[in-house]
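Okay, so here's the structure we're looking at.
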Amino acid sequence: MSLSQQLNEAMKEAMRAKDSLRLNTIRQIRTSVKNKEIDERRELDDQEIIGVISMLVKQRKESAQLYREGARPELAEKEEQELAVLQEFLPAQLGEEEIRSIIEEAVTKTGAASVKDMGKVMKVVTGRTLGRADGRLVSELVKVRLSA
């Protein structure tokens, strides 16, 4: 079953269960996917949908952090609840050791020797970790590896 079909089924289930938070979050995903499809003028495949969901996850994390800093815990909790729903549709997250392994393979493959080659390495690593790892963490790990 494609990710798009999974989203449709999850939306129907949320409607039946009258789970408004889950329903609204899934509708937000579908709206973002539809907007991207309109921009691209074609249907998105599962990897591209994962990219859209990853963007939404990043937005929720940043919003929750800002709400906490602004002493608005009730809004931060709502963002975190939406974040939990979004993460259900992403592949299992990679551990730090798995990310390091992917980085090592990318460094070997690209022949990267210094931080100047970070772009080459990130291009390879991002393709393999999209939706499965936080981009900021991946970037930091690549930078540390190339600085060593």
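Just so we're on the same page: first chain in the structure tokens is A, next is B, and so on; residues restart at 1 for each chain, and ligands are numbered from 1 in the order they show up.
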inquiry  = Env of Ile102 (chain A): 10 Å cut, atoms = only C-alpha atoms, seq-sep filter 6 positions within chain, self excluded. Answer as JSON, numbers by chain.
reply    = {"A": [96, 108, 121, 124, 125, 126, 128, 129, 138, 142]}
request  = May I ask for the distance between CA of Arg132 (chain A) and CA of Leu90 (chain A), given in Å to one decimal place?
outcome  = 7.0 Å
query = Which neighbours of region 79-86 of chain A fall inside 8 Å, counting only C-alpha atoms, when residues of the same chain fewer than 6 positions from it are skipped, and could you give them as a PyMOL selection string?
reply = chain A and resi 21-22+25-26+29+53+56-57+60-61+63-64
Put those residues in a file: all heavy atoms, as an mmCIF file, in the first residue's frame.
data_model
loop_
_atom_site.group_PDB
_atom_site.id
_atom_site.type_symbol
_atom_site.label_atom_id
_atom_site.label_comp_id
_atom_site.auth_asym_id
_atom_site.auth_seq_id
_atom_site.Cartn_x
_atom_site.Cartn_y
_atom_site.Cartn_z
ATOM 1 N N LEU A 21 -7.749 15.726 16.534
ATOM 2 C CA LEU A 21 -6.330 16.086 16.405
ATOM 3 C C LEU A 21 -5.680 15.268 15.288
ATOM 4 O O LEU A 21 -5.009 15.817 14.419
ATOM 5 C CB LEU A 21 -5.583 15.848 17.726
ATOM 6 C CG LEU A 21 -4.095 16.159 17.614
ATOM 7 C CD1 LEU A 21 -3.852 17.634 17.897
ATOM 8 C CD2 LEU A 21 -3.280 15.293 18.534
ATOM 9 N N ARG A 22 -5.882 13.972 15.318
ATOM 10 C CA ARG A 22 -5.308 13.084 14.297
ATOM 11 C C ARG A 22 -5.866 13.422 12.909
ATOM 12 O O ARG A 22 -5.123 13.498 11.935
ATOM 13 C CB ARG A 22 -5.609 11.638 14.679
ATOM 14 C CG ARG A 22 -4.985 10.610 13.779
ATOM 15 C CD ARG A 22 -5.196 9.208 14.355
ATOM 16 N NE ARG A 22 -4.755 8.186 13.453
ATOM 17 C CZ ARG A 22 -3.493 7.881 13.220
ATOM 18 N NH1 ARG A 22 -2.537 8.512 13.864
ATOM 19 N NH2 ARG A 22 -3.177 6.951 12.353
ATOM 20 N N THR A 25 -4.373 16.680 11.627
ATOM 21 C CA THR A 25 -2.961 16.515 11.269
ATOM 22 C C THR A 25 -2.828 15.788 9.937
ATOM 23 O O THR A 25 -2.043 16.193 9.077
ATOM 24 C CB THR A 25 -2.207 15.751 12.378
ATOM 25 O OG1 THR A 25 -2.379 16.450 13.615
ATOM 26 C CG2 THR A 25 -0.736 15.654 12.054
ATOM 27 N N ILE A 26 -3.606 14.737 9.749
ATOM 28 C CA ILE A 26 -3.558 13.996 8.485
ATOM 29 C C ILE A 26 -4.043 14.880 7.338
ATOM 30 O O ILE A 26 -3.474 14.853 6.236
ATOM 31 C CB ILE A 26 -4.379 12.691 8.585
ATOM 32 C CG1 ILE A 26 -3.703 11.751 9.587
ATOM 33 C CG2 ILE A 26 -4.514 12.020 7.223
ATOM 34 C CD1 ILE A 26 -4.537 10.550 9.982
ATOM 35 N N ILE A 29 -1.214 17.051 6.312
ATOM 36 C CA ILE A 29 -0.258 16.306 5.479
ATOM 37 C C ILE A 29 -0.779 16.248 4.050
ATOM 38 O O ILE A 29 -0.057 16.562 3.096
ATOM 39 C CB ILE A 29 -0.044 14.869 6.004
ATOM 40 C CG1 ILE A 29 0.584 14.864 7.387
ATOM 41 C CG2 ILE A 29 0.831 14.081 5.023
ATOM 42 C CD1 ILE A 29 0.595 13.486 8.056
ATOM 43 N N ILE A 53 6.455 15.214 4.604
ATOM 44 C CA ILE A 53 6.166 14.940 6.015
ATOM 45 C C ILE A 53 7.353 15.337 6.886
ATOM 46 O O ILE A 53 7.176 15.895 7.972
ATOM 47 C CB ILE A 53 5.780 13.457 6.219
ATOM 48 C CG1 ILE A 53 4.479 13.150 5.468
ATOM 49 C CG2 ILE A 53 5.624 13.143 7.708
ATOM 50 C CD1 ILE A 53 4.097 11.676 5.434
ATOM 51 N N LEU A 56 7.195 18.932 7.580
ATOM 52 C CA LEU A 56 6.177 19.220 8.578
ATOM 53 C C LEU A 56 6.665 18.856 9.982
ATOM 54 O O LEU A 56 6.387 19.570 10.943
ATOM 55 C CB LEU A 56 4.878 18.473 8.256
ATOM 56 C CG LEU A 56 4.157 18.908 6.976
ATOM 57 C CD1 LEU A 56 3.011 17.962 6.651
ATOM 58 C CD2 LEU A 56 3.662 20.332 7.090
ATOM 59 N N VAL A 57 7.414 17.765 10.091
ATOM 60 C CA VAL A 57 7.979 17.358 11.381
ATOM 61 C C VAL A 57 8.936 18.436 11.884
ATOM 62 O O VAL A 57 8.890 18.838 13.051
ATOM 63 C CB VAL A 57 8.703 15.993 11.254
ATOM 64 C CG1 VAL A 57 9.612 15.739 12.442
ATOM 65 C CG2 VAL A 57 7.692 14.867 11.123
ATOM 66 N N ARG A 60 7.006 21.374 13.193
ATOM 67 C CA ARG A 60 6.389 21.119 14.505
ATOM 68 C C ARG A 60 7.424 21.171 15.621
ATOM 69 O O ARG A 60 7.152 21.712 16.692
ATOM 70 C CB ARG A 60 5.688 19.751 14.542
ATOM 71 C CG ARG A 60 4.486 19.603 13.640
ATOM 72 C CD ARG A 60 3.432 20.640 13.913
ATOM 73 N NE ARG A 60 2.307 20.563 13.022
ATOM 74 C CZ ARG A 60 2.300 20.967 11.750
ATOM 75 N NH1 ARG A 60 3.372 21.449 11.195
ATOM 76 N NH2 ARG A 60 1.205 20.889 11.032
ATOM 77 N N LYS A 61 8.603 20.610 15.384
ATOM 78 C CA LYS A 61 9.653 20.632 16.408
ATOM 79 C C LYS A 61 10.060 22.065 16.727
ATOM 80 O O LYS A 61 10.197 22.440 17.890
ATOM 81 C CB LYS A 61 10.880 19.839 15.940
ATOM 82 C CG LYS A 61 10.696 18.347 15.996
ATOM 83 C CD LYS A 61 11.947 17.630 15.517
ATOM 84 C CE LYS A 61 11.780 16.125 15.569
ATOM 85 N NZ LYS A 61 12.968 15.425 15.053
ATOM 86 N N SER A 63 8.306 24.819 16.205
ATOM 87 C CA SER A 63 7.182 25.526 16.832
ATOM 88 C C SER A 63 7.066 25.159 18.306
ATOM 89 O O SER A 63 6.872 26.032 19.152
ATOM 90 C CB SER A 63 5.872 25.190 16.127
ATOM 91 O OG SER A 63 5.891 25.671 14.807
ATOM 92 N N ALA A 64 7.184 23.872 18.604
ATOM 93 C CA ALA A 64 7.079 23.426 19.996
ATOM 94 C C ALA A 64 8.172 24.070 20.843
ATOM 95 O O ALA A 64 7.918 24.532 21.966
ATOM 96 C CB ALA A 64 7.165 21.907 20.079
#
inquiry  = I'd like to know which of A:Leu137, A:Ser54, A:Ser4, A:Asp19 is closest to Lys34 (chain A), using only C-alpha atoms.
reply    =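 When distances to Lys34 (chain A) are compared using only C-alpha atoms, the smallest one comes from A:Ser4.
As for CA of Ser114 (chain A) and CA of Ser139 (chain A), they are spaced 13.9 Å apart.
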DSSP helix (DSSP H, G or I) selection over chain A, as a short mmCIF file (atom, residue, chain, number, x, y, z; two decimals) with N, CA and C atoms, in the first residue's frame:
data_model
loop_
_atom_site.label_atom_id
_atom_site.label_comp_id
_atom_site.auth_asym_id
_atom_site.auth_seq_id
_atom_site.Cartn_x
_atom_site.Cartn_y
_atom_site.Cartn_z
N LEU A 3 2.05 5.20 0.43
CA LEU A 3 1.92 6.13 1.54
C LEU A 3 0.67 6.99 1.38
N SER A 4 0.36 7.35 0.16
CA SER A 4 -0.84 8.15 -0.10
C SER A 4 -2.10 7.37 0.30
N GLN A 5 -2.13 6.09 -0.01
CA GLN A 5 -3.27 5.25 0.37
C GLN A 5 -3.33 5.09 1.89
N GLN A 6 -2.17 4.95 2.53
CA GLN A 6 -2.13 4.84 3.99
C GLN A 6 -2.71 6.10 4.63
N LEU A 7 -2.36 7.25 4.07
CA LEU A 7 -2.90 8.51 4.60
C LEU A 7 -4.42 8.56 4.46
N ASN A 8 -4.92 8.13 3.31
CA ASN A 8 -6.37 8.12 3.10
C ASN A 8 -7.07 7.19 4.10
N GLU A 9 -6.51 5.99 4.30
CA GLU A 9 -7.10 5.04 5.25
C GLU A 9 -7.05 5.59 6.67
N ALA A 10 -5.92 6.19 7.04
CA ALA A 10 -5.77 6.75 8.39
C ALA A 10 -6.77 7.88 8.60
N MET A 11 -7.01 8.66 7.56
CA MET A 11 -7.97 9.76 7.68
C MET A 11 -9.38 9.20 7.91
N LYS A 12 -9.74 8.16 7.18
CA LYS A 12 -11.06 7.55 7.36
C LYS A 12 -11.21 6.99 8.78
N GLU A 13 -10.15 6.35 9.27
CA GLU A 13 -10.19 5.79 10.63
C GLU A 13 -10.34 6.90 11.67
N ALA A 14 -9.63 8.00 11.46
CA ALA A 14 -9.71 9.12 12.40
C ALA A 14 -11.11 9.73 12.39
N MET A 15 -11.73 9.76 11.21
CA MET A 15 -13.10 10.27 11.13
C MET A 15 -14.05 9.38 11.91
N ARG A 16 -13.91 8.06 11.70
CA ARG A 16 -14.78 7.11 12.40
C ARG A 16 -14.60 7.20 13.92
N ALA A 17 -13.34 7.39 14.35
CA ALA A 17 -13.03 7.45 15.78
C ALA A 17 -13.30 8.82 16.37
N SER A 20 -10.21 14.30 16.45
CA SER A 20 -10.05 15.54 15.70
C SER A 20 -8.58 15.93 15.53
N LEU A 21 -7.75 15.73 16.53
CA LEU A 21 -6.33 16.09 16.41
C LEU A 21 -5.68 15.27 15.29
N ARG A 22 -5.88 13.97 15.32
CA ARG A 22 -5.31 13.08 14.30
C ARG A 22 -5.87 13.42 12.91
N LEU A 23 -7.16 13.65 12.85
CA LEU A 23 -7.80 13.96 11.58
C LEU A 23 -7.24 15.26 10.99
N ASN A 24 -7.15 16.30 11.82
CA ASN A 24 -6.62 17.58 11.34
C ASN A 24 -5.16 17.46 10.90
N THR A 25 -4.37 16.68 11.63
CA THR A 25 -2.96 16.52 11.27
C THR A 25 -2.83 15.79 9.94
N ILE A 26 -3.61 14.74 9.75
CA ILE A 26 -3.56 14.00 8.49
C ILE A 26 -4.04 14.88 7.34
N ARG A 27 -5.05 15.69 7.59
CA ARG A 27 -5.52 16.62 6.56
C ARG A 27 -4.41 17.63 6.20
N GLN A 28 -3.66 18.08 7.19
CA GLN A 28 -2.54 18.99 6.92
C GLN A 28 -1.50 18.31 6.03
N ILE A 29 -1.21 17.05 6.31
CA ILE A 29 -0.26 16.31 5.48
C ILE A 29 -0.78 16.25 4.05
N ARG A 30 -2.03 15.83 3.91
CA ARG A 30 -2.61 15.69 2.57
C ARG A 30 -2.63 17.02 1.82
N THR A 31 -2.92 18.11 2.53
CA THR A 31 -2.94 19.42 1.90
C THR A 31 -1.54 19.81 1.43
N SER A 32 -0.54 19.57 2.27
CA SER A 32 0.84 19.89 1.89
C SER A 32 1.29 19.06 0.70
N VAL A 33 0.91 17.78 0.70
CA VAL A 33 1.26 16.91 -0.43
C VAL A 33 0.57 17.41 -1.69
N LYS A 34 -0.70 17.75 -1.59
CA LYS A 34 -1.46 18.23 -2.75
C LYS A 34 -0.86 19.52 -3.30
N ASN A 35 -0.49 20.44 -2.42
CA ASN A 35 0.14 21.69 -2.86
C ASN A 35 1.44 21.41 -3.60
N LYS A 36 2.23 20.48 -3.09
CA LYS A 36 3.50 20.13 -3.74
C LYS A 36 3.22 19.49 -5.11
N GLU A 37 2.18 18.65 -5.18
CA GLU A 37 1.82 18.03 -6.46
C GLU A 37 1.40 19.09 -7.47
N ILE A 38 0.67 20.09 -7.01
CA ILE A 38 0.25 21.17 -7.90
C ILE A 38 1.47 21.94 -8.39
N ASP A 39 2.41 22.22 -7.49
CA ASP A 39 3.63 22.92 -7.88
C ASP A 39 4.45 22.11 -8.89
N GLU A 40 4.54 20.80 -8.65
CA GLU A 40 5.34 19.92 -9.50
C GLU A 40 4.58 19.49 -10.77
N ASP A 46 6.32 7.94 -3.00
CA ASP A 46 6.42 7.80 -1.55
C ASP A 46 7.61 8.57 -0.97
N GLN A 47 8.75 8.56 -1.64
CA GLN A 47 9.93 9.27 -1.13
C GLN A 47 9.67 10.77 -1.06
N GLU A 48 8.99 11.30 -2.05
CA GLU A 48 8.69 12.74 -2.05
C GLU A 48 7.66 13.08 -0.97
N ILE A 49 6.72 12.18 -0.73
CA ILE A 49 5.74 12.40 0.33
C ILE A 49 6.45 12.37 1.68
N ILE A 50 7.41 11.47 1.83
CA ILE A 50 8.21 11.41 3.06
C ILE A 50 8.95 12.73 3.25
N GLY A 51 9.44 13.30 2.17
CA GLY A 51 10.12 14.60 2.24
C GLY A 51 9.19 15.69 2.74
N VAL A 52 7.95 15.68 2.27
CA VAL A 52 6.94 16.66 2.70
C VAL A 52 6.64 16.47 4.19
N ILE A 53 6.46 15.21 4.60
CA ILE A 53 6.17 14.94 6.02
C ILE A 53 7.35 15.34 6.89
N SER A 54 8.56 15.09 6.41
CA SER A 54 9.76 15.48 7.16
C SER A 54 9.80 16.98 7.37
N MET A 55 9.41 17.73 6.36
CA MET A 55 9.36 19.19 6.49
C MET A 55 8.34 19.59 7.56
N LEU A 56 7.20 18.93 7.58
CA LEU A 56 6.18 19.22 8.58
C LEU A 56 6.66 18.86 9.98
N VAL A 57 7.41 17.77 10.09
CA VAL A 57 7.98 17.36 11.38
C VAL A 57 8.94 18.44 11.88
N LYS A 58 9.77 18.91 10.99
CA LYS A 58 10.73 19.95 11.37
C LYS A 58 10.00 21.21 11.85
N GLN A 59 8.95 21.59 11.15
CA GLN A 59 8.16 22.76 11.55
C GLN A 59 7.56 22.57 12.93
N ARG A 60 7.01 21.37 13.19
CA ARG A 60 6.39 21.12 14.50
C ARG A 60 7.42 21.17 15.62
N LYS A 61 8.60 20.61 15.38
CA LYS A 61 9.65 20.63 16.41
C LYS A 61 10.06 22.06 16.73
N GLU A 62 10.26 22.86 15.69
CA GLU A 62 10.65 24.25 15.89
C GLU A 62 9.55 25.04 16.60
N SER A 63 8.31 24.82 16.20
CA SER A 63 7.18 25.53 16.83
C SER A 63 7.07 25.16 18.31
N ALA A 64 7.18 23.87 18.60
CA ALA A 64 7.08 23.43 20.00
C ALA A 64 8.17 24.07 20.84
N GLN A 65 9.37 24.13 20.30
CA GLN A 65 10.50 24.74 21.02
C GLN A 65 10.22 26.23 21.28
N LEU A 66 9.75 26.93 20.26
CA LEU A 66 9.45 28.35 20.41
C LEU A 66 8.33 28.59 21.41
N TYR A 67 7.30 27.74 21.38
CA TYR A 67 6.21 27.90 22.34
C TYR A 67 6.69 27.66 23.77
N ARG A 68 7.57 26.68 23.95
CA ARG A 68 8.12 26.42 25.29
C ARG A 68 8.95 27.62 25.77
N GLU A 69 9.75 28.17 24.88
CA GLU A 69 10.56 29.34 25.24
C GLU A 69 9.67 30.55 25.53
N PRO A 73 3.11 26.43 27.20
CA PRO A 73 3.20 24.96 27.20
C PRO A 73 2.01 24.27 26.56
N GLU A 74 0.81 24.86 26.64
CA GLU A 74 -0.37 24.21 26.05
C GLU A 74 -0.24 24.15 24.53
N LEU A 75 0.31 25.18 23.92
CA LEU A 75 0.51 25.17 22.46
C LEU A 75 1.65 24.24 22.09
N ALA A 76 2.69 24.19 22.92
CA ALA A 76 3.81 23.28 22.67
C ALA A 76 3.33 21.84 22.70
N GLU A 77 2.45 21.52 23.66
CA GLU A 77 1.93 20.15 23.76
C GLU A 77 1.12 19.78 22.53
N LYS A 78 0.34 20.70 22.01
CA LYS A 78 -0.45 20.43 20.80
C LYS A 78 0.49 20.14 19.63
N GLU A 79 1.54 20.93 19.49
CA GLU A 79 2.51 20.71 18.42
C GLU A 79 3.17 19.34 18.57
N GLU A 80 3.48 18.96 19.80
CA GLU A 80 4.12 17.66 20.05
C GLU A 80 3.17 16.50 19.77
N GLN A 81 1.89 16.69 20.03
CA GLN A 81 0.90 15.66 19.71
C GLN A 81 0.79 15.50 18.19
N GLU A 82 0.79 16.61 17.48
CA GLU A 82 0.76 16.55 16.01
C GLU A 82 2.03 15.90 15.49
N LEU A 83 3.14 16.21 16.12
CA LEU A 83 4.44 15.62 15.75
C LEU A 83 4.38 14.10 15.86
N ALA A 84 3.77 13.59 16.91
CA ALA A 84 3.66 12.14 17.10
C ALA A 84 2.85 11.51 15.97
N VAL A 85 1.78 12.17 15.53
CA VAL A 85 0.97 11.66 14.42
C VAL A 85 1.79 11.67 13.14
N LEU A 86 2.51 12.76 12.89
CA LEU A 86 3.33 12.86 11.68
C LEU A 86 4.37 11.75 11.62
N GLN A 87 4.99 11.46 12.75
CA GLN A 87 6.06 10.48 12.77
C GLN A 87 5.57 9.06 12.51
N GLU A 96 22.21 6.82 15.77
CA GLU A 96 23.41 7.59 15.46
C GLU A 96 24.50 6.71 14.82
N GLU A 97 24.62 5.47 15.29
CA GLU A 97 25.64 4.57 14.73
C GLU A 97 25.32 4.23 13.27
N GLU A 98 24.05 4.03 12.96
CA GLU A 98 23.65 3.74 11.59
C GLU A 98 23.96 4.94 10.69
N ILE A 99 23.71 6.13 11.20
CA ILE A 99 24.00 7.35 10.43
C ILE A 99 25.50 7.46 10.18
N ARG A 100 26.28 7.20 11.22
CA ARG A 100 27.75 7.24 11.06
C ARG A 100 28.23 6.25 10.01
N SER A 101 27.62 5.07 9.98
CA SER A 101 27.98 4.06 9.00
C SER A 101 27.68 4.55 7.58
N ILE A 102 26.52 5.16 7.40
CA ILE A 102 26.14 5.70 6.09
C ILE A 102 27.12 6.81 5.69
N ILE A 103 27.51 7.64 6.66
CA ILE A 103 28.46 8.72 6.38
C ILE A 103 29.80 8.15 5.95
N GLU A 104 30.27 7.10 6.63
CA GLU A 104 31.54 6.48 6.26
C GLU A 104 31.50 5.96 4.83
N GLU A 105 30.40 5.30 4.48
CA GLU A 105 30.25 4.79 3.11
C GLU A 105 30.27 5.95 2.10
N ALA A 106 29.60 7.04 2.43
CA ALA A 106 29.53 8.19 1.53
C ALA A 106 30.91 8.84 1.38
N VAL A 107 31.65 8.94 2.48
CA VAL A 107 32.99 9.53 2.43
C VAL A 107 33.88 8.68 1.54
N THR A 108 33.81 7.37 1.69
CA THR A 108 34.60 6.45 0.86
C THR A 108 34.19 6.56 -0.60
N LYS A 109 32.90 6.58 -0.84
CA LYS A 109 32.37 6.63 -2.21
C LYS A 109 32.77 7.92 -2.92
N THR A 110 32.70 9.06 -2.21
CA THR A 110 32.99 10.35 -2.84
C THR A 110 34.47 10.72 -2.78
N VAL A 115 36.40 19.35 4.98
CA VAL A 115 35.09 19.98 5.12
C VAL A 115 34.65 20.60 3.79
N LYS A 116 35.59 20.92 2.92
CA LYS A 116 35.25 21.49 1.62
C LYS A 116 34.40 20.52 0.78
N ASP A 117 34.53 19.22 1.07
CA ASP A 117 33.80 18.20 0.33
C ASP A 117 32.46 17.85 0.98
N MET A 118 32.04 18.64 1.95
CA MET A 118 30.82 18.35 2.70
C MET A 118 29.59 18.26 1.80
N GLY A 119 29.50 19.11 0.81
CA GLY A 119 28.36 19.10 -0.11
C GLY A 119 28.21 17.78 -0.83
N LYS A 120 29.33 17.22 -1.31
CA LYS A 120 29.30 15.93 -2.01
C LYS A 120 28.79 14.84 -1.08
N VAL A 121 29.33 14.82 0.13
CA VAL A 121 28.96 13.79 1.10
C VAL A 121 27.49 13.94 1.50
N MET A 122 27.07 15.16 1.78
CA MET A 122 25.68 15.41 2.20
C MET A 122 24.69 14.98 1.12
N LYS A 123 25.04 15.16 -0.14
CA LYS A 123 24.15 14.78 -1.22
C LYS A 123 23.88 13.27 -1.18
N VAL A 124 24.94 12.50 -0.97
CA VAL A 124 24.80 11.04 -0.91
C VAL A 124 24.06 10.62 0.36
N VAL A 125 24.47 11.19 1.49
CA VAL A 125 23.89 10.80 2.78
C VAL A 125 22.42 11.19 2.86
N THR A 126 22.08 12.37 2.42
CA THR A 126 20.69 12.83 2.49
C THR A 126 19.77 11.92 1.69
N GLY A 127 20.24 11.43 0.56
CA GLY A 127 19.43 10.52 -0.25
C GLY A 127 19.08 9.25 0.50
N ARG A 128 19.98 8.81 1.37
CA ARG A 128 19.77 7.55 2.10
C ARG A 128 19.09 7.73 3.45
N THR A 129 19.07 8.97 3.97
CA THR A 129 18.51 9.18 5.30
C THR A 129 17.23 10.01 5.29
N GLY A 135 17.97 16.13 9.74
CA GLY A 135 18.97 16.72 8.85
C GLY A 135 20.07 17.47 9.58
N ARG A 136 19.70 18.15 10.66
CA ARG A 136 20.69 18.90 11.44
C ARG A 136 21.71 17.96 12.06
N LEU A 137 21.23 16.83 12.61
CA LEU A 137 22.12 15.83 13.21
C LEU A 137 23.05 15.25 12.15
N VAL A 138 22.50 14.91 11.00
CA VAL A 138 23.30 14.36 9.91
C VAL A 138 24.39 15.36 9.51
N SER A 139 24.01 16.61 9.34
CA SER A 139 24.97 17.64 8.97
C SER A 139 26.10 17.76 9.99
N GLU A 140 25.73 17.76 11.28
CA GLU A 140 26.76 17.87 12.33
C GLU A 140 27.70 16.68 12.31
N LEU A 141 27.15 15.47 12.11
CA LEU A 141 27.98 14.26 12.09
C LEU A 141 28.92 14.26 10.89
N VAL A 142 28.42 14.73 9.74
CA VAL A 142 29.27 14.80 8.54
C VAL A 142 30.41 15.81 8.79
N LYS A 143 30.06 16.95 9.36
CA LYS A 143 31.06 17.97 9.64
C LYS A 143 32.15 17.45 10.58
N VAL A 144 31.73 16.76 11.64
CA VAL A 144 32.69 16.18 12.60
C VAL A 144 33.57 15.16 11.90
N ARG A 145 32.98 14.32 11.08
CA ARG A 145 33.74 13.26 10.38
C ARG A 145 34.77 13.88 9.44
N LEU A 146 34.38 14.90 8.70
CA LEU A 146 35.29 15.50 7.73
C LEU A 146 36.32 16.40 8.40
N SER A 147 36.06 16.84 9.62
CA SER A 147 37.03 17.67 10.35
C SER A 147 38.14 16.81 10.97
#
query = For Ala92 (chain A), which of A:Arg72, A:Gly131, A:Lys18, A:Glu43 is the closest residue, counting only C-alpha atoms?
reply = A:Gly131
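For the atom pair formed by CA of Gln93 (chain A) and CA of Ala133 (chain A), the distance is 5.7 Å, given to one decimal.
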